[in-house]
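Read the structure below first, then the notes.
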Amino acid sequence: AQSVTQLGSHVSVSEGALVLLRCNYSSSVPPYLFWYVQYPNQGLQLLLKYTTGATLVKGINGFEAEFKKSETSFHLTKPSAHMSDAAEYFCAVSNTGNQFYFGTGTSLTVIP
Amino acid sequence: DAMVIQNPRYQVTQFGKPVTLSCSQTLNHNVMYWYQQKSSQAPKLLFHYYDKDFNNEADTPDNFQSRRPNTSFCFLDIRSPGLGDAAMYLCATSPEVLVGGEQFFGPGTRLTVL
């Protein structure tokens with residue numbers, strides 16, 4: 001069975017500071033991992049995904065995530081937060097049937 | 001631009017009054033999904049269509065039904081909405097049921113039940 005845990009339902013950072021959003025997964029098969037962003041009253045937009053190959057994945061808007069199998073983690077980072085990064089972030093794992101299991105989300109606040 | 005469109009963006013209905021939410025896509029994807037997302041919660045898959053084949057999640061209430069008359073359109077019908085059905089409803093598509101494949105989401109319809 002697959003599941004995702006996002007540690008910290010709310011994260012606040014200062015503008016220009018490092019963003020770190022945590023995601024741990026459990027999967028009985030090699031995982032396929034995703035980060036989506038959701039702005040208020042909008043749908044989910046893909047930031048990045050890991051399927052196979054390089055464990056450090058670069059996405060849009062300067063975000064990246066590293067797949068660490070030994071830690072069952074897929075944390076999302078961005079070196080310097082921008083005001084426009086304020087949003088809800090969802091980590092997800094998918095199975096062989098392409099069914100997605102989402103975490104409960106992390107709300108990112110950027111303080112000017 | 002190719003996209004997933006949901007109408008209306010905001011829907012208000014009365015307790016027990018049937019409501020239909022609409023999703024259309026210009027991506028020509030085979031698979032369409034409906035998710036329910038309650039406030040501060042993760043999206044929860046209700047069902048999906050692979051082409052015309054309907055796949056219902058085991059815990060989706062019978063109150064929720066879906067129709068896919070053609071590749072482009074998919075509808076979510078809530079036969080007798082209860083207060084607990086107030087949520088954001090997200091439609092998503094994917095080209096195939098591919099391992100590691102991305103899902104493309106529409107903007108959602110926020111349903112209010114009075």
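Letters A, B, ... go to the chains of the structure tokens in the order shown; residues in each chain start at 1; ligands are counted from 1 in the same order.
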
As a PyMOL selection string, which residues of chain A does DSSP assign to strand (DSSP E)? chain A and resi 3-5+10-14+19-21+24-26+32-38+44-50+56-58+64-68+73-78+87-94+100-102+106-111

Report as an mmCIF file with all heavy atoms, in the first residue's frame all protein, DNA and RNA residues lying within 7 Å of A:Ser9, evaluated on only C-alpha atoms, omitting residues in the same chain fewer than 3 positions from it.
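Now in result19.cif:
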data_model
loop_
_atom_site.group_PDB
_atom_site.id
_atom_site.type_symbol
_atom_site.label_atom_id
_atom_site.label_comp_id
_atom_site.auth_asym_id
_atom_site.auth_seq_id
_atom_site.Cartn_x
_atom_site.Cartn_y
_atom_site.Cartn_z
ATOM 1 N N GLY A 105 -1.028 17.998 2.692
ATOM 2 C CA GLY A 105 -0.673 19.333 2.244
ATOM 3 C C GLY A 105 0.084 20.150 3.277
ATOM 4 O O GLY A 105 -0.042 19.937 4.485
ATOM 5 N N THR A 106 0.884 21.073 2.763
ATOM 6 C CA THR A 106 1.596 22.043 3.608
ATOM 7 C C THR A 106 1.321 23.430 3.063
ATOM 8 O O THR A 106 1.536 23.690 1.874
ATOM 9 C CB THR A 106 3.114 21.796 3.601
ATOM 10 O OG1 THR A 106 3.387 20.510 4.156
ATOM 11 C CG2 THR A 106 3.839 22.860 4.417
ATOM 12 N N SER A 107 0.813 24.277 3.929
ATOM 13 C CA SER A 107 0.538 25.657 3.548
ATOM 14 C C SER A 107 1.788 26.501 3.787
ATOM 15 O O SER A 107 2.274 26.577 4.921
ATOM 16 C CB SER A 107 -0.630 26.204 4.368
ATOM 17 O OG SER A 107 -0.858 27.565 4.047
#

Excluding stretch 22-35 of chain B and its own-chain neighbours fewer than 2 positions away, which residues fall within 6 Å of it when counting only C-alpha atoms? Please give them as a tab-separated table (two decimals) with C-alpha atoms, in the first residue's frame.
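The result, written out as around-v4.tsv:
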chain	number	residue	atom	x	y	z
B	2	ALA	CA	-4.73	22.67	-24.22
B	3	MET	CA	-6.37	22.47	-20.85
B	4	VAL	CA	-8.86	21.03	-18.39
B	5	ILE	CA	-11.92	23.21	-17.89
B	6	GLN	CA	-14.41	22.99	-15.07
B	7	ASN	CA	-17.78	24.69	-14.95
B	43	PRO	CA	-7.72	15.43	-2.64
B	44	LYS	CA	-9.56	12.12	-2.45
B	45	LEU	CA	-10.20	10.11	-5.59
B	46	LEU	CA	-13.88	9.37	-6.18
B	47	PHE	CA	-13.69	7.55	-9.52
B	48	HIS	CA	-12.05	7.59	-12.89
B	49	TYR	CA	-12.80	6.69	-16.48
B	50	TYR	CA	-10.34	4.92	-18.70
B	51	ASP	CA	-11.94	5.72	-22.03
B	72	SER	CA	-13.87	15.45	-24.01
B	73	PHE	CA	-16.54	15.65	-21.33
B	74	CYS	CA	-17.10	14.12	-17.94
B	75	PHE	CA	-19.84	14.96	-15.43
B	89	TYR	CA	-14.29	19.05	-6.71
B	90	LEU	CA	-11.29	18.59	-8.94
B	91	CYS	CA	-11.25	17.04	-12.38
B	92	ALA	CA	-7.98	15.65	-13.72
B	93	THR	CA	-6.84	13.88	-16.86
B	94	SER	CA	-3.94	11.74	-18.00
B	95	PRO	CA	-3.07	10.38	-21.42
B	96	GLU	CA	-3.03	6.77	-20.28

Starting from chain A, keep only residues with some atom at most 12 Å from an atom of chain B, counting only C-alpha atoms, and report them as an mmCIF file with C-alpha atoms, in the first residue's frame.
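result_25.cif, freshly written:
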data_model
loop_
_atom_site.group_PDB
_atom_site.id
_atom_site.type_symbol
_atom_site.label_atom_id
_atom_site.label_comp_id
_atom_site.auth_asym_id
_atom_site.auth_seq_id
_atom_site.Cartn_x
_atom_site.Cartn_y
_atom_site.Cartn_z
ATOM 1 C CA SER A 3 0.807 6.554 1.604
ATOM 2 C CA VAL A 4 2.348 9.974 2.056
ATOM 3 C CA THR A 5 3.089 11.973 5.181
ATOM 4 C CA GLN A 6 3.801 15.666 5.017
ATOM 5 C CA SER A 9 0.777 21.533 7.889
ATOM 6 C CA HIS A 10 1.941 25.164 8.006
ATOM 7 C CA VAL A 29 6.798 -0.990 -4.882
ATOM 8 C CA PRO A 30 9.303 1.456 -6.348
ATOM 9 C CA PRO A 31 7.594 4.783 -5.877
ATOM 10 C CA TYR A 32 6.736 7.455 -8.338
ATOM 11 C CA LEU A 33 6.697 10.746 -6.488
ATOM 12 C CA PHE A 34 5.213 14.116 -7.285
ATOM 13 C CA TRP A 35 4.963 17.600 -5.853
ATOM 14 C CA TYR A 36 1.987 19.725 -6.814
ATOM 15 C CA VAL A 37 1.230 23.343 -5.898
ATOM 16 C CA GLN A 38 -2.254 24.747 -5.388
ATOM 17 C CA TYR A 39 -2.948 28.467 -5.318
ATOM 18 C CA PRO A 40 -6.154 29.677 -3.643
ATOM 19 C CA ASN A 41 -9.285 28.520 -5.444
ATOM 20 C CA GLN A 42 -7.303 26.896 -8.216
ATOM 21 C CA GLY A 43 -6.467 23.373 -9.280
ATOM 22 C CA LEU A 44 -3.211 21.553 -8.733
ATOM 23 C CA GLN A 45 -0.177 22.342 -10.862
ATOM 24 C CA LEU A 46 2.734 19.944 -11.204
ATOM 25 C CA LEU A 47 5.990 21.284 -9.777
ATOM 26 C CA LEU A 48 8.160 18.241 -10.387
ATOM 27 C CA LYS A 49 8.169 14.466 -10.383
ATOM 28 C CA TYR A 50 10.513 11.559 -9.784
ATOM 29 C CA THR A 51 10.092 8.351 -11.740
ATOM 30 C CA THR A 52 13.521 6.809 -12.330
ATOM 31 C CA GLU A 88 -0.545 24.935 -0.623
ATOM 32 C CA TYR A 89 1.895 22.197 -1.552
ATOM 33 C CA PHE A 90 0.953 18.545 -1.945
ATOM 34 C CA CYS A 91 3.242 15.569 -2.138
ATOM 35 C CA ALA A 92 1.858 12.478 -3.870
ATOM 36 C CA VAL A 93 2.900 8.934 -4.626
ATOM 37 C CA SER A 94 1.447 6.895 -7.432
ATOM 38 C CA ASN A 95 1.204 3.182 -7.939
ATOM 39 C CA THR A 96 1.382 0.990 -11.005
ATOM 40 C CA GLY A 97 -2.195 1.868 -11.848
ATOM 41 C CA ASN A 98 -1.412 5.580 -11.835
ATOM 42 C CA GLN A 99 -3.660 6.100 -8.833
ATOM 43 C CA PHE A 100 -2.403 9.040 -6.807
ATOM 44 C CA TYR A 101 -2.180 9.112 -3.021
ATOM 45 C CA PHE A 102 -1.839 12.664 -1.773
ATOM 46 C CA GLY A 103 -0.464 13.938 1.493
ATOM 47 C CA THR A 104 -2.573 16.328 3.540
ATOM 48 C CA GLY A 105 -0.673 19.333 2.244
ATOM 49 C CA THR A 106 1.596 22.043 3.608
ATOM 50 C CA SER A 107 0.538 25.657 3.548
#

Suppose you want the space between atom CA of A:Gln2 and atom CA of A:Ser27; what is it in Å?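 Atom CA of A:Ser27 lies 4.4 Å from atom CA of A:Gln2.
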
Using Å and a single decimal, report how far atom CA of B:Pro81 sits from atom CA of B:Gly16.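 Distance reported for this atom pair: 4.9 Å.
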
Of the listed residues A:Leu7, A:Ile60, A:Ala86, A:Leu18, that which approaches A:Phe74 most closely, counting only C-alpha atoms: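 Checking each of A:Leu7, A:Ile60, A:Ala86, A:Leu18 against A:Phe74, counting only C-alpha atoms, the winner is A:Leu7.
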
Mind giving me the straight-line distance from atom CA of B:Leu83 to atom CA of A:Leu108 in Å, one decimal?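 Value for the atom CA of B:Leu83-atom CA of A:Leu108 distance: 28.8 Å.
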
Can you pull out the residues contacting A:Lys78? Cut-off 6 Å, using only C-alpha atoms, and skip same-chain residues under 2 positions away; I want them as a PyMOL selection string. chain A and resi 18-19+63+80

Next, dump the selected residues to file, keeping only all heavy atoms, as an mmCIF file, in the first residue's frame.
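Writing the result to result_14.cif gives the following:
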data_model
loop_
_atom_site.group_PDB
_atom_site.id
_atom_site.type_symbol
_atom_site.label_atom_id
_atom_site.label_comp_id
_atom_site.auth_asym_id
_atom_site.auth_seq_id
_atom_site.Cartn_x
_atom_site.Cartn_y
_atom_site.Cartn_z
ATOM 1 N N LEU A 18 15.489 30.043 2.742
ATOM 2 C CA LEU A 18 15.344 28.698 2.199
ATOM 3 C C LEU A 18 13.945 28.149 2.498
ATOM 4 O O LEU A 18 13.428 28.286 3.607
ATOM 5 C CB LEU A 18 16.382 27.774 2.826
ATOM 6 C CG LEU A 18 16.269 26.284 2.535
ATOM 7 C CD1 LEU A 18 16.626 25.987 1.091
ATOM 8 C CD2 LEU A 18 17.122 25.471 3.501
ATOM 9 N N VAL A 19 13.383 27.508 1.500
ATOM 10 C CA VAL A 19 12.123 26.797 1.682
ATOM 11 C C VAL A 19 12.423 25.302 1.763
ATOM 12 O O VAL A 19 13.136 24.768 0.904
ATOM 13 C CB VAL A 19 11.154 27.047 0.506
ATOM 14 C CG1 VAL A 19 9.883 26.211 0.679
ATOM 15 C CG2 VAL A 19 10.811 28.527 0.397
ATOM 16 N N PHE A 63 12.123 25.297 -7.842
ATOM 17 C CA PHE A 63 11.997 24.226 -6.855
ATOM 18 C C PHE A 63 12.763 22.983 -7.296
ATOM 19 O O PHE A 63 12.918 22.728 -8.480
ATOM 20 C CB PHE A 63 10.527 23.861 -6.632
ATOM 21 C CG PHE A 63 9.778 24.853 -5.799
ATOM 22 C CD1 PHE A 63 9.064 25.885 -6.393
ATOM 23 C CD2 PHE A 63 9.789 24.765 -4.412
ATOM 24 C CE1 PHE A 63 8.382 26.810 -5.626
ATOM 25 C CE2 PHE A 63 9.109 25.684 -3.627
ATOM 26 C CZ PHE A 63 8.409 26.709 -4.245
ATOM 27 N N SER A 80 15.625 30.305 -2.282
ATOM 28 C CA SER A 80 15.245 31.657 -1.892
ATOM 29 C C SER A 80 13.752 31.861 -2.137
ATOM 30 O O SER A 80 13.304 31.866 -3.290
ATOM 31 C CB SER A 80 16.057 32.682 -2.699
ATOM 32 O OG SER A 80 15.661 33.990 -2.394
#
